[in-house]
>>> print(open('protein_34.txt').read())   # compact mmCIF, C-alpha atoms and all ligand atoms
# COMPACT_ATOMS: atom_id res chain seq x y z
CA MET Y 1 0.00 0.00 0.00
CA GLY Y 2 1.50 3.31 -1.07
CA ASP Y 3 1.09 6.91 0.04
CA LYS Y 4 -0.60 9.98 -1.32
CA MET Y 5 2.08 12.05 -3.09
CA ALA Y 6 1.78 15.59 -1.80
CA CYS Y 7 2.22 18.25 -4.46
CA LYS Y 8 1.74 21.21 -2.13
CA PRO Y 9 5.34 21.43 -0.77
CA THR Y 10 6.77 21.57 -4.30
CA ALA Y 11 4.14 24.12 -5.36
CA GLU Y 12 4.95 26.26 -2.29
CA ARG Y 13 8.67 26.04 -3.04
CA LEU Y 14 8.06 27.27 -6.61
CA LEU Y 15 5.78 30.07 -5.42
CA ASN Y 16 8.35 31.17 -2.82
CA GLN Y 17 11.04 31.18 -5.48
CA ALA Y 18 8.83 33.35 -7.73
CA ARG Y 19 8.02 35.68 -4.81
CA GLN Y 20 11.69 36.15 -3.86
CA ASP Y 21 12.76 36.67 -7.47
CA THR Y 22 9.97 39.23 -7.92
CA GLU Y 23 11.16 41.15 -4.85
CA ALA Y 24 14.76 41.08 -6.13
CA LEU Y 25 13.65 42.35 -9.55
CA LYS Y 26 11.53 45.11 -8.00
CA ALA Y 27 14.57 46.24 -5.98
CA LYS Y 28 16.26 46.77 -9.36
CA GLY Y 29 13.28 48.74 -10.68
CA ILE Y 30 11.80 45.88 -12.74
CA HIS Y 31 8.20 44.86 -12.01
CA PRO Y 32 7.33 41.43 -13.51
CA HIS Y 33 4.03 41.74 -15.36
CA LEU Y 34 1.75 39.03 -16.77
CA ALA Y 35 -0.96 39.84 -19.35
CA VAL Y 36 -3.78 37.27 -19.33
CA VAL Y 37 -6.17 37.18 -22.29
CA LEU Y 38 -9.58 35.48 -22.12
CA VAL Y 39 -11.90 35.26 -25.13
CA GLY Y 40 -15.53 34.37 -24.42
CA GLU Y 41 -17.38 33.07 -21.39
CA ASN Y 42 -16.16 29.46 -20.90
CA PRO Y 43 -16.85 28.90 -17.16
CA ALA Y 44 -13.80 26.68 -16.53
CA SER Y 45 -11.55 29.17 -18.33
CA GLN Y 46 -12.95 32.03 -16.23
CA VAL Y 47 -12.01 30.14 -13.05
CA TYR Y 48 -8.49 29.32 -14.35
CA VAL Y 49 -7.89 32.93 -15.41
CA SER Y 50 -9.08 34.42 -12.14
CA ASN Y 51 -6.83 32.00 -10.18
CA LYS Y 52 -3.84 33.05 -12.26
CA VAL Y 53 -4.53 36.77 -11.77
CA LYS Y 54 -5.10 36.20 -8.03
CA THR Y 55 -1.83 34.27 -7.63
CA CYS Y 56 0.07 37.08 -9.41
CA GLY Y 57 -1.35 39.51 -6.83
CA GLU Y 58 -0.29 37.27 -3.93
CA LEU Y 59 3.31 37.19 -5.19
CA GLY Y 60 3.59 40.88 -6.06
CA ILE Y 61 3.60 40.20 -9.82
CA ALA Y 62 1.65 42.81 -11.80
CA SER Y 63 -1.13 41.52 -14.02
CA THR Y 64 -3.40 42.82 -16.74
CA PHE Y 65 -6.61 41.00 -17.58
CA GLU Y 66 -7.84 41.46 -21.16
CA LYS Y 67 -11.36 40.08 -21.62
CA LEU Y 68 -12.66 39.89 -25.20
CA PRO Y 69 -16.15 38.92 -26.46
CA ALA Y 70 -16.85 35.37 -27.71
CA ASP Y 71 -17.22 36.59 -31.33
CA THR Y 72 -13.71 38.10 -31.43
CA THR Y 73 -11.94 37.47 -34.77
CA THR Y 74 -8.45 36.06 -35.26
CA GLU Y 75 -7.38 39.47 -36.62
CA ALA Y 76 -8.63 41.34 -33.56
CA LEU Y 77 -6.85 38.94 -31.21
CA LEU Y 78 -3.66 39.14 -33.30
CA ALA Y 79 -3.80 42.94 -33.00
CA LEU Y 80 -3.98 42.66 -29.19
CA ILE Y 81 -1.06 40.19 -29.15
CA GLN Y 82 1.03 42.58 -31.26
CA LYS Y 83 0.25 45.40 -28.82
CA LEU Y 84 1.30 43.25 -25.84
CA ASN Y 85 4.43 42.02 -27.68
CA GLY Y 86 5.45 45.65 -28.20
CA ASP Y 87 4.78 46.71 -24.60
CA ASP Y 88 8.13 46.71 -22.78
CA GLY Y 89 6.35 46.67 -19.42
CA VAL Y 90 4.70 43.28 -20.17
CA HIS Y 91 6.97 40.26 -19.57
CA GLY Y 92 4.53 37.37 -20.01
CA ILE Y 93 1.52 36.84 -22.28
CA LEU Y 94 -0.96 34.04 -21.65
CA VAL Y 95 -3.91 33.43 -23.98
CA GLN Y 96 -6.31 31.11 -22.18
CA LEU Y 97 -7.16 28.03 -24.25
CA PRO Y 98 -9.39 26.71 -25.71
CA LEU Y 99 -10.27 29.63 -27.98
CA PRO Y 100 -13.67 29.94 -29.71
CA GLU Y 101 -13.91 27.91 -32.95
CA GLN Y 102 -13.64 30.87 -35.35
CA ILE Y 103 -10.18 31.78 -34.04
CA ASP Y 104 -7.06 30.23 -35.59
CA GLU Y 105 -5.42 28.94 -32.40
CA SER Y 106 -2.08 28.06 -33.93
CA ALA Y 107 -1.80 31.52 -35.58
CA ILE Y 108 -2.37 33.09 -32.16
CA ILE Y 109 0.18 30.89 -30.38
CA SER Y 110 2.75 31.58 -33.12
CA ALA Y 111 2.14 35.36 -32.89
CA ILE Y 112 3.18 35.61 -29.23
CA ASP Y 113 6.77 36.77 -28.73
CA PRO Y 114 8.53 33.47 -27.77
CA ASP Y 115 10.35 35.29 -24.95
CA LYS Y 116 6.96 36.31 -23.45
CA ASP Y 117 5.33 32.92 -24.14
CA VAL Y 118 4.83 31.85 -20.51
CA ASP Y 119 2.71 28.83 -21.55
CA GLY Y 120 5.65 27.52 -23.59
CA PHE Y 121 3.48 26.55 -26.57
CA HIS Y 122 5.20 28.67 -29.27
CA PRO Y 123 6.97 26.55 -31.95
CA VAL Y 124 10.27 28.28 -31.09
CA ASN Y 125 10.00 27.17 -27.46
CA VAL Y 126 8.95 23.65 -28.56
CA GLY Y 127 12.15 23.58 -30.65
CA ARG Y 128 14.28 24.96 -27.82
CA LEU Y 129 12.98 22.23 -25.50
CA SER Y 130 13.70 19.55 -28.05
CA LEU Y 131 17.24 20.92 -28.64
CA GLY Y 132 17.97 21.28 -24.92
CA GLU Y 133 18.32 25.08 -25.21
CA PRO Y 134 17.03 27.59 -22.64
CA GLY Y 135 13.45 28.74 -23.26
CA LEU Y 136 10.01 28.90 -21.67
CA PHE Y 137 8.45 25.45 -21.36
CA PRO Y 138 4.90 24.20 -20.60
CA CYS Y 139 3.92 24.73 -16.96
CA THR Y 140 2.29 21.37 -16.17
CA PRO Y 141 5.22 19.16 -17.25
CA MET Y 142 7.73 21.62 -15.73
CA GLY Y 143 5.83 21.44 -12.42
CA VAL Y 144 5.74 17.64 -12.58
CA ILE Y 145 9.52 17.46 -13.12
CA GLU Y 146 10.03 19.63 -10.03
CA LEU Y 147 7.71 17.30 -8.07
CA LEU Y 148 9.67 14.24 -9.21
CA LYS Y 149 13.00 15.86 -8.33
CA ASP Y 150 11.65 16.61 -4.85
CA SER Y 151 10.25 13.08 -4.39
CA ILE Y 152 12.70 10.66 -6.02
CA ASP Y 153 16.38 10.47 -5.04
CA VAL Y 154 17.71 9.65 -8.50
CA LEU Y 155 15.72 10.17 -11.69
CA LYS Y 156 18.61 9.15 -13.95
CA GLY Y 157 18.05 5.73 -15.53
CA LYS Y 158 14.47 5.31 -14.32
CA HIS Y 159 11.93 4.01 -16.83
CA ALA Y 160 9.23 6.65 -17.20
CA VAL Y 161 6.03 5.93 -19.12
CA VAL Y 162 4.02 8.96 -20.26
CA VAL Y 163 0.41 8.05 -21.10
CA GLY Y 164 -0.79 10.66 -23.63
CA ARG Y 165 1.05 12.55 -26.39
CA SER Y 166 -0.55 15.99 -26.45
CA ASN Y 167 1.51 19.06 -27.32
CA ILE Y 168 0.76 20.69 -23.97
CA VAL Y 169 1.47 17.78 -21.60
CA GLY Y 170 2.54 14.40 -23.02
CA LYS Y 171 5.22 15.43 -25.53
CA PRO Y 172 6.94 18.13 -23.44
CA MET Y 173 6.75 15.80 -20.42
CA ALA Y 174 8.63 13.14 -22.37
CA GLN Y 175 11.28 15.69 -23.48
CA LEU Y 176 11.81 16.89 -19.91
CA LEU Y 177 12.13 13.32 -18.60
CA LEU Y 178 14.70 12.60 -21.32
CA LYS Y 179 16.63 15.68 -20.19
CA GLU Y 180 16.72 14.08 -16.71
CA HIS Y 181 18.20 10.93 -18.31
CA CYS Y 182 15.11 8.78 -17.82
CA THR Y 183 14.35 6.01 -20.30
CA VAL Y 184 11.08 7.25 -21.77
CA THR Y 185 8.14 5.43 -23.36
CA ILE Y 186 5.16 7.38 -24.70
CA MET Y 187 1.78 5.62 -24.84
CA HIS Y 188 -1.25 6.80 -26.80
CA SER Y 189 -4.65 5.61 -27.98
CA ARG Y 190 -3.15 3.12 -30.45
CA THR Y 191 -0.62 1.54 -28.06
CA GLN Y 192 -0.94 -2.26 -28.00
CA ASN Y 193 -1.03 -4.19 -24.68
CA PRO Y 194 -1.18 -1.02 -22.55
CA ALA Y 195 -1.07 -2.86 -19.22
CA ASP Y 196 2.14 -4.65 -20.24
CA VAL Y 197 3.80 -1.46 -21.53
CA CYS Y 198 2.78 0.72 -18.58
CA GLY Y 199 3.48 -2.12 -16.15
CA GLN Y 200 7.23 -1.74 -16.83
CA ALA Y 201 7.34 1.83 -15.55
CA ASP Y 202 9.19 3.06 -12.48
CA ILE Y 203 7.40 6.39 -13.05
CA ILE Y 204 3.97 6.78 -14.68
CA ILE Y 205 2.68 10.16 -15.86
CA ALA Y 206 -0.99 9.93 -16.87
CA ALA Y 207 -2.26 12.79 -19.10
CA VAL Y 208 -5.12 11.32 -21.07
CA GLY Y 209 -8.52 12.75 -20.14
CA VAL Y 210 -10.07 9.29 -19.57
CA PRO Y 211 -11.20 8.80 -15.95
CA GLY Y 212 -9.48 5.94 -14.12
CA LEU Y 213 -7.79 4.58 -17.28
CA VAL Y 214 -4.59 3.63 -15.43
CA SER Y 215 -5.92 0.72 -13.37
CA GLY Y 216 -4.05 -1.37 -10.81
CA ASP Y 217 -2.87 -3.91 -13.39
CA TRP Y 218 -1.05 -1.11 -15.27
CA VAL Y 219 1.06 -0.28 -12.20
CA LYS Y 220 4.31 -2.03 -11.17
CA GLU Y 221 4.90 -2.63 -7.45
CA GLY Y 222 6.64 0.43 -5.97
CA ALA Y 223 6.07 2.73 -8.96
CA VAL Y 224 5.57 6.49 -8.62
CA VAL Y 225 2.34 7.62 -10.29
CA VAL Y 226 1.60 11.22 -11.27
CA ASP Y 227 -1.99 11.88 -12.33
CA VAL Y 228 -2.36 14.96 -14.54
CA GLY Y 229 -5.94 14.18 -15.62
CA ILE Y 230 -8.89 16.26 -14.47
CA ASN Y 231 -12.24 14.72 -15.39
CA GLU Y 232 -15.68 15.64 -14.13
CA LEU Y 233 -17.82 12.64 -13.13
CA THR Y 234 -21.55 13.28 -12.94
CA LYS Y 235 -22.97 9.74 -13.41
CA GLU Y 236 -23.46 7.55 -10.37
CA ALA Y 237 -22.32 4.44 -12.28
CA ASP Y 238 -18.94 6.09 -13.03
CA VAL Y 239 -18.46 7.25 -9.47
CA THR Y 240 -19.37 3.87 -7.91
CA ARG Y 241 -16.85 2.21 -10.24
CA PHE Y 242 -13.97 4.20 -8.75
CA CYS Y 243 -15.06 5.24 -5.26
CA LYS Y 244 -16.12 3.10 -2.31
CA GLU Y 245 -19.45 3.74 -0.57
CA GLY Y 246 -18.79 5.95 2.46
CA SER Y 247 -15.51 7.34 1.05
CA ARG Y 248 -14.89 11.10 1.09
CA LYS Y 249 -15.28 11.30 -2.69
CA MET Y 250 -18.57 9.37 -2.63
CA LYS Y 251 -19.91 11.66 0.09
CA ALA Y 252 -18.90 14.68 -2.00
CA PHE Y 253 -20.70 13.20 -5.02
CA ARG Y 254 -23.88 12.59 -3.01
CA LYS Y 255 -23.79 16.21 -1.87
CA LYS Y 256 -22.86 18.01 -5.10
CA GLY Y 257 -23.82 15.55 -7.86
CA ARG Y 258 -20.34 15.83 -9.35
CA ILE Y 259 -16.73 15.13 -8.48
CA LEU Y 260 -13.38 15.61 -10.15
CA TYR Y 261 -11.48 12.41 -10.85
CA GLY Y 262 -8.11 11.77 -12.46
CA ASP Y 263 -6.87 9.45 -15.21
CA VAL Y 264 -5.63 6.97 -12.59
CA PHE Y 265 -7.87 4.48 -10.76
CA TYR Y 266 -6.64 5.90 -7.46
CA ASP Y 267 -7.57 3.16 -4.98
CA GLU Y 268 -6.24 0.37 -7.21
CA ALA Y 269 -3.04 2.23 -8.07
CA LEU Y 270 -2.37 2.95 -4.40
CA GLU Y 271 -2.44 -0.80 -3.66
CA LYS Y 272 0.64 -1.30 -5.85
CA ALA Y 273 2.44 2.04 -6.17
CA ALA Y 274 4.78 3.71 -3.70
CA LEU Y 275 3.26 7.15 -4.36
CA VAL Y 276 0.22 8.45 -6.25
CA THR Y 277 -0.78 12.10 -6.68
CA PRO Y 278 -4.39 12.94 -5.75
CA VAL Y 279 -7.02 14.64 -7.94
CA PRO Y 280 -8.05 17.32 -7.14
CA GLY Y 281 -5.37 18.94 -5.01
CA GLY Y 282 -2.45 17.49 -6.95
CA VAL Y 283 -0.75 18.54 -10.18
CA GLY Y 284 -3.05 21.55 -10.71
CA LYS Y 285 -1.23 23.42 -7.93
CA LEU Y 286 2.11 22.80 -9.68
CA THR Y 287 0.85 24.15 -13.00
CA ILE Y 288 -0.10 27.56 -11.66
CA ALA Y 289 3.05 27.76 -9.50
CA HIS Y 290 5.24 27.11 -12.52
CA LEU Y 291 3.35 29.72 -14.53
CA MET Y 292 4.52 32.26 -11.96
CA VAL Y 293 8.11 30.95 -12.25
CA ASN Y 294 7.91 31.26 -16.05
CA CYS Y 295 6.67 34.85 -15.79
CA VAL Y 296 9.52 35.85 -13.47
CA THR Y 297 12.02 33.96 -15.64
CA ALA Y 298 10.83 35.96 -18.67
CA ALA Y 299 11.28 39.23 -16.74
CA LYS Y 300 14.77 38.23 -15.53
CA ARG Y 301 15.91 37.28 -19.03
CA LYS Y 302 14.58 40.52 -20.52
CA ALA Y 303 16.47 42.51 -17.89
CA ASP Y 304 19.49 40.21 -18.35
CA VAL Y 305 19.81 39.56 -14.59
P1 LIG F 401 -5.50 15.68 -25.04
O1 LIG F 401 -6.92 15.31 -25.28
O2 LIG F 401 -4.89 16.78 -25.85
O3 LIG F 401 -4.58 14.38 -25.24
C1 LIG F 401 -4.94 13.18 -24.68
C2 LIG F 401 -3.93 12.11 -25.06
O4 LIG F 401 -4.33 10.89 -24.45
C3 LIG F 401 -3.82 11.85 -26.55
O5 LIG F 401 -2.46 11.81 -26.93
C4 LIG F 401 -4.49 10.50 -26.74
O6 LIG F 401 -3.89 9.69 -27.72
C5 LIG F 401 -4.24 9.85 -25.40
N1 LIG F 401 -5.23 8.81 -25.14
C6 LIG F 401 -6.57 8.88 -25.26
N2 LIG F 401 -7.14 7.68 -24.93
C7 LIG F 401 -6.12 6.86 -24.61
C8 LIG F 401 -6.04 5.51 -24.21
N3 LIG F 401 -7.13 4.76 -24.06
N4 LIG F 401 -4.82 5.00 -23.94
C9 LIG F 401 -3.71 5.73 -24.07
N5 LIG F 401 -3.71 7.03 -24.45
C10 LIG F 401 -4.90 7.57 -24.73
O7 LIG F 401 -5.38 15.97 -23.48
P2 LIG F 401 -4.36 16.89 -22.62
O8 LIG F 401 -2.98 16.33 -22.72
O9 LIG F 401 -4.58 18.30 -22.94
O10 LIG F 401 -4.93 16.65 -21.16
C11 LIG F 401 -4.94 15.37 -20.57
C12 LIG F 401 -5.63 15.45 -19.23
O11 LIG F 401 -4.88 16.30 -18.37
C13 LIG F 401 -7.04 16.06 -19.25
O12 LIG F 401 -7.82 15.41 -18.29
C14 LIG F 401 -6.81 17.50 -18.88
O13 LIG F 401 -7.95 18.08 -18.28
C15 LIG F 401 -5.69 17.36 -17.88
N6 LIG F 401 -4.84 18.54 -17.72
C16 LIG F 401 -4.57 18.92 -16.43
C17 LIG F 401 -3.72 19.97 -16.19
C18 LIG F 401 -3.40 20.33 -14.77
O14 LIG F 401 -2.94 21.42 -14.52
N7 LIG F 401 -3.62 19.41 -13.83
C19 LIG F 401 -3.15 20.76 -17.30
C20 LIG F 401 -3.44 20.24 -18.60
C21 LIG F 401 -4.26 19.16 -18.79
P3 LIG F 401 -3.95 10.00 -29.30
O15 LIG F 401 -2.91 11.07 -29.52
O16 LIG F 401 -3.59 8.70 -29.92
O17 LIG F 401 -5.34 10.48 -29.60
>>> encode(input="protein_34.txt", output="C-alpha cells")
Amino acid sequence: MGDKMACKPTAERLLNQARQDTEALKAKGIHPHLAVVLVGENPASQVYVSNKVKTCGELGIASTFEKLPADTTTEALLALIQKLNGDDGVHGILVQLPLPEQIDESAIISAIDPDKDVDGFHPVNVGRLSLGEPGLFPCTPMGVIELLKDSIDVLKGKHAVVVGRSNIVGKPMAQLLLKEHCTVTIMHSRTQNPADVCGQADIIIAAVGVPGLVSGDWVKEGAVVVDVGINELTKEADVTRFCKEGSRKMKAFRKKGRILYGDVFYDEALEKAALVTPVPGGVGKLTIAHLMVNCVTAAKRKADV
C-alpha cells in the first residue's frame, strides 16, 4: 500500500522562489508583469484565469486581464497580441485556451513573442525544448519534473512511461524526462497491450482525459504515479466504479452531484504504487506555481539579470 504524493510542498517552493525573485527584480526597478487574455465566457476558463490573476497579486507580480467577447476574430486577437508584444512593461503573455472555434489557435500561439510565451506553446519554445536550449516550457510538465526531483532520489536511468502525447502535456513531459536521463516510453490511444507497456514503468505520468484509465494492473509494485488528468464525473455508475461507498469522494458526489477524478484508478493504483498524486489537489497546484516561475524567468531574461 503506497502513500498519497503531496504536491503542495513543491508548489509552495516554486511560489516562494517566484516571490523572492519578484522582490529582487523590483529592488532593481523591474516589475514582472503578466498579461492574461480570455476570449468568451467558458466557465472553466474564467475560473483558471481568475486563479492566475489572483496568484500574481499574492506574489507581487503585476497583471493585466484582457477580456474579449466570444465573437472576437483572429485578426482582432492578433492585434492585441502585437500590442502586448510591443509593450516593454509586459513580460509574459498568456492566452487562455481553448479559444472559440472561429479563431485560428495556432496563428495566435505563433504570434506571441517566444520570450513572453509563458505557456511555452510557441513553436520556437517547442524547438528549444527539443534541442535542450534555454526557453520557456509548458507549466504542467515543468511542475511535474520539479515534483519528481523533490520526491525521487535519482531520476537518472528510471523508466518513465508517459500516457498521452498531447503538445501541452505528453510530448513536453517526455522531453523533460529525457533531459533528466530517464528512459522514456510514450503511450497513446493506439498503443498495444497497454497494461504490459505501462506495467514496466518506475514512473507513470498519466495525461489522457479518460477517468481511471490507469488501473491497478497497469502499475508495477513500488512505482511512482503522477496523475495529470482532471475529469468531471456526474454519473453515479462512473463514481461507484472508482469510489467506495462511504468514502470522502462518494460523500462529496452525493452532496454536489459531481466530483473531479483523475486518469488513474486511485484506490487500485495505491495498492501497488509507492506514491500516487491525488485529484483534485495534486498537479493543478504545480501548474499555476510554474506559470509564476515562467513569468519571473521571462522578466529576468529581458532585464538580463
Ligand atoms: P489531449 O486530449 O490533448 O490528449 C490526450 C492524449 O491521451 C492523446 O495523446 C491521446 O492519444 C491519449 N489517449 C486517449 N485515450 C487513450 C487511451 N485509451 N490509452 C492511451 N492514451 C490515450 O489531453 P491533454 O494532454 O490536454 O490533457 C490530458 C488530461 O490532463 C485532461 O484530463 C486535462 O484536463 C488534464 N490537464 C490537467 C492539467 C493540470 O494542470 N492538472 C493541465 C493540462 C491538462 P492520441 O494522440 O492517440 O489520440
>>> residues_around(input="protein_34.txt", residues="region 15-32 of chain Y", least_positions_apart="6", cutoff="8 Å", atoms="all atoms listed in the file", output="MDAnalysis selection string")
chainID Y and resid 59:62 89:91 289:290 292:293 295:296 299:300 303
>>> residues_around(input="protein_34.txt", residues="region 115-118 of chain Y", least_positions_apart="4", cutoff="10 Å", atoms="only C-alpha atoms", output="mmCIF file with C-alpha atoms, in the frame of the given file")
data_model
loop_
_atom_site.group_PDB
_atom_site.id
_atom_site.type_symbol
_atom_site.label_atom_id
_atom_site.label_comp_id
_atom_site.auth_asym_id
_atom_site.auth_seq_id
_atom_site.Cartn_x
_atom_site.Cartn_y
_atom_site.Cartn_z
ATOM 1 C CA LEU Y 34 1.750 39.030 -16.770
ATOM 2 C CA ALA Y 35 -0.960 39.840 -19.350
ATOM 3 C CA LEU Y 84 1.300 43.250 -25.840
ATOM 4 C CA ASN Y 85 4.430 42.020 -27.680
ATOM 5 C CA VAL Y 90 4.700 43.280 -20.170
ATOM 6 C CA HIS Y 91 6.970 40.260 -19.570
ATOM 7 C CA GLY Y 92 4.530 37.370 -20.010
ATOM 8 C CA ILE Y 93 1.520 36.840 -22.280
ATOM 9 C CA LEU Y 94 -0.960 34.040 -21.650
ATOM 10 C CA VAL Y 95 -3.910 33.430 -23.980
ATOM 11 C CA ILE Y 109 0.180 30.890 -30.380
ATOM 12 C CA SER Y 110 2.750 31.580 -33.120
ATOM 13 C CA ALA Y 111 2.140 35.360 -32.890
ATOM 14 C CA HIS Y 122 5.200 28.670 -29.270
ATOM 15 C CA VAL Y 124 10.270 28.280 -31.090
ATOM 16 C CA ASN Y 125 10.000 27.170 -27.460
ATOM 17 C CA GLY Y 135 13.450 28.740 -23.260
ATOM 18 C CA LEU Y 136 10.010 28.900 -21.670
ATOM 19 C CA PHE Y 137 8.450 25.450 -21.360
ATOM 20 C CA PRO Y 138 4.900 24.200 -20.600
ATOM 21 C CA CYS Y 139 3.920 24.730 -16.960
ATOM 22 C CA HIS Y 290 5.240 27.110 -12.520
ATOM 23 C CA LEU Y 291 3.350 29.720 -14.530
ATOM 24 C CA MET Y 292 4.520 32.260 -11.960
ATOM 25 C CA VAL Y 293 8.110 30.950 -12.250
ATOM 26 C CA ASN Y 294 7.910 31.260 -16.050
ATOM 27 C CA CYS Y 295 6.670 34.850 -15.790
ATOM 28 C CA VAL Y 296 9.520 35.850 -13.470
ATOM 29 C CA THR Y 297 12.020 33.960 -15.640
ATOM 30 C CA ALA Y 298 10.830 35.960 -18.670
ATOM 31 C CA ALA Y 299 11.280 39.230 -16.740
ATOM 32 C CA ARG Y 301 15.910 37.280 -19.030
ATOM 33 C CA LYS Y 302 14.580 40.520 -20.520
#
>>> residues_near_ligand(input="protein_34.txt", ligand="ligand LIG 401 (chain F)", cutoff="7 Å", atoms="all atoms listed in the file", output="JSON, numbers by chain")
{"Y": [140, 163, 164, 165, 166, 167, 168, 169, 170, 187, 188, 189, 190, 191, 207, 208, 209, 210, 213, 228, 229, 230, 231, 262, 263, 283, 284, 287]}
>>> write_last_selection(input="protein_34.txt", atoms="C-alpha atoms", output="PDB file, in the coordinates of the input")
ATOM      1  CA  THR Y 140       2.290  21.370 -16.170  1.00  0.00           C
ATOM      2  CA  VAL Y 163       0.410   8.050 -21.100  1.00  0.00           C
ATOM      3  CA  GLY Y 164      -0.790  10.660 -23.630  1.00  0.00           C
ATOM      4  CA  ARG Y 165       1.050  12.550 -26.390  1.00  0.00           C
ATOM      5  CA  SER Y 166      -0.550  15.990 -26.450  1.00  0.00           C
ATOM      6  CA  ASN Y 167       1.510  19.060 -27.320  1.00  0.00           C
ATOM      7  CA  ILE Y 168       0.760  20.690 -23.970  1.00  0.00           C
ATOM      8  CA  VAL Y 169       1.470  17.780 -21.600  1.00  0.00           C
ATOM      9  CA  GLY Y 170       2.540  14.400 -23.020  1.00  0.00           C
ATOM     10  CA  MET Y 187       1.780   5.620 -24.840  1.00  0.00           C
ATOM     11  CA  HIS Y 188      -1.250   6.800 -26.800  1.00  0.00           C
ATOM     12  CA  SER Y 189      -4.650   5.610 -27.980  1.00  0.00           C
ATOM     13  CA  ARG Y 190      -3.150   3.120 -30.450  1.00  0.00           C
ATOM     14  CA  THR Y 191      -0.620   1.540 -28.060  1.00  0.00           C
ATOM     15  CA  ALA Y 207      -2.260  12.790 -19.100  1.00  0.00           C
ATOM     16  CA  VAL Y 208      -5.120  11.320 -21.070  1.00  0.00           C
ATOM     17  CA  GLY Y 209      -8.520  12.750 -20.140  1.00  0.00           C
ATOM     18  CA  VAL Y 210     -10.070   9.290 -19.570  1.00  0.00           C
ATOM     19  CA  LEU Y 213      -7.790   4.580 -17.280  1.00  0.00           C
ATOM     20  CA  VAL Y 228      -2.360  14.960 -14.540  1.00  0.00           C
ATOM     21  CA  GLY Y 229      -5.940  14.180 -15.620  1.00  0.00           C
ATOM     22  CA  ILE Y 230      -8.890  16.260 -14.470  1.00  0.00           C
ATOM     23  CA  ASN Y 231     -12.240  14.720 -15.390  1.00  0.00           C
ATOM     24  CA  GLY Y 262      -8.110  11.770 -12.460  1.00  0.00           C
ATOM     25  CA  ASP Y 263      -6.870   9.450 -15.210  1.00  0.00           C
ATOM     26  CA  VAL Y 283      -0.750  18.540 -10.180  1.00  0.00           C
ATOM     27  CA  GLY Y 284      -3.050  21.550 -10.710  1.00  0.00           C
ATOM     28  CA  THR Y 287       0.850  24.150 -13.000  1.00  0.00           C
TER      29      THR Y 287
END
>>> closest_atom_pairs(input="protein_34.txt", of="region 98-190 of chain Y", to="region 216-220 of chain Y", cutoff="12 Å", atoms="only C-alpha atoms", output="Markdown table")
| residue | atom | partner | partner_atom | distance |
| --- | --- | --- | --- | --- |
| Y:His159 | CA | Y:Lys220 | CA | 11.3 |
| Y:Ala160 | CA | Y:Lys220 | CA | 11.7 |
| Y:Val161 | CA | Y:Val219 | CA | 10.5 |
| Y:Val163 | CA | Y:Trp218 | CA | 11.0 |
>>> residues_around(input="protein_34.txt", residues="Arg258 (chain Y)", least_positions_apart="3", cutoff="9 Å", atoms="only C-alpha atoms", output="PDB file with C-alpha atoms, keeping the file's coordinate frame")
ATOM      1  CA  GLU Y 232     -15.680  15.640 -14.130  1.00  0.00           C
ATOM      2  CA  LEU Y 233     -17.820  12.640 -13.130  1.00  0.00           C
ATOM      3  CA  THR Y 234     -21.550  13.280 -12.940  1.00  0.00           C
ATOM      4  CA  LYS Y 235     -22.970   9.740 -13.410  1.00  0.00           C
ATOM      5  CA  GLU Y 236     -23.460   7.550 -10.370  1.00  0.00           C
ATOM      6  CA  VAL Y 239     -18.460   7.250  -9.470  1.00  0.00           C
ATOM      7  CA  ALA Y 252     -18.900  14.680  -2.000  1.00  0.00           C
ATOM      8  CA  PHE Y 253     -20.700  13.200  -5.020  1.00  0.00           C
ATOM      9  CA  ARG Y 254     -23.880  12.590  -3.010  1.00  0.00           C
ATOM     10  CA  LYS Y 255     -23.790  16.210  -1.870  1.00  0.00           C
TER      11      LYS Y 255
END
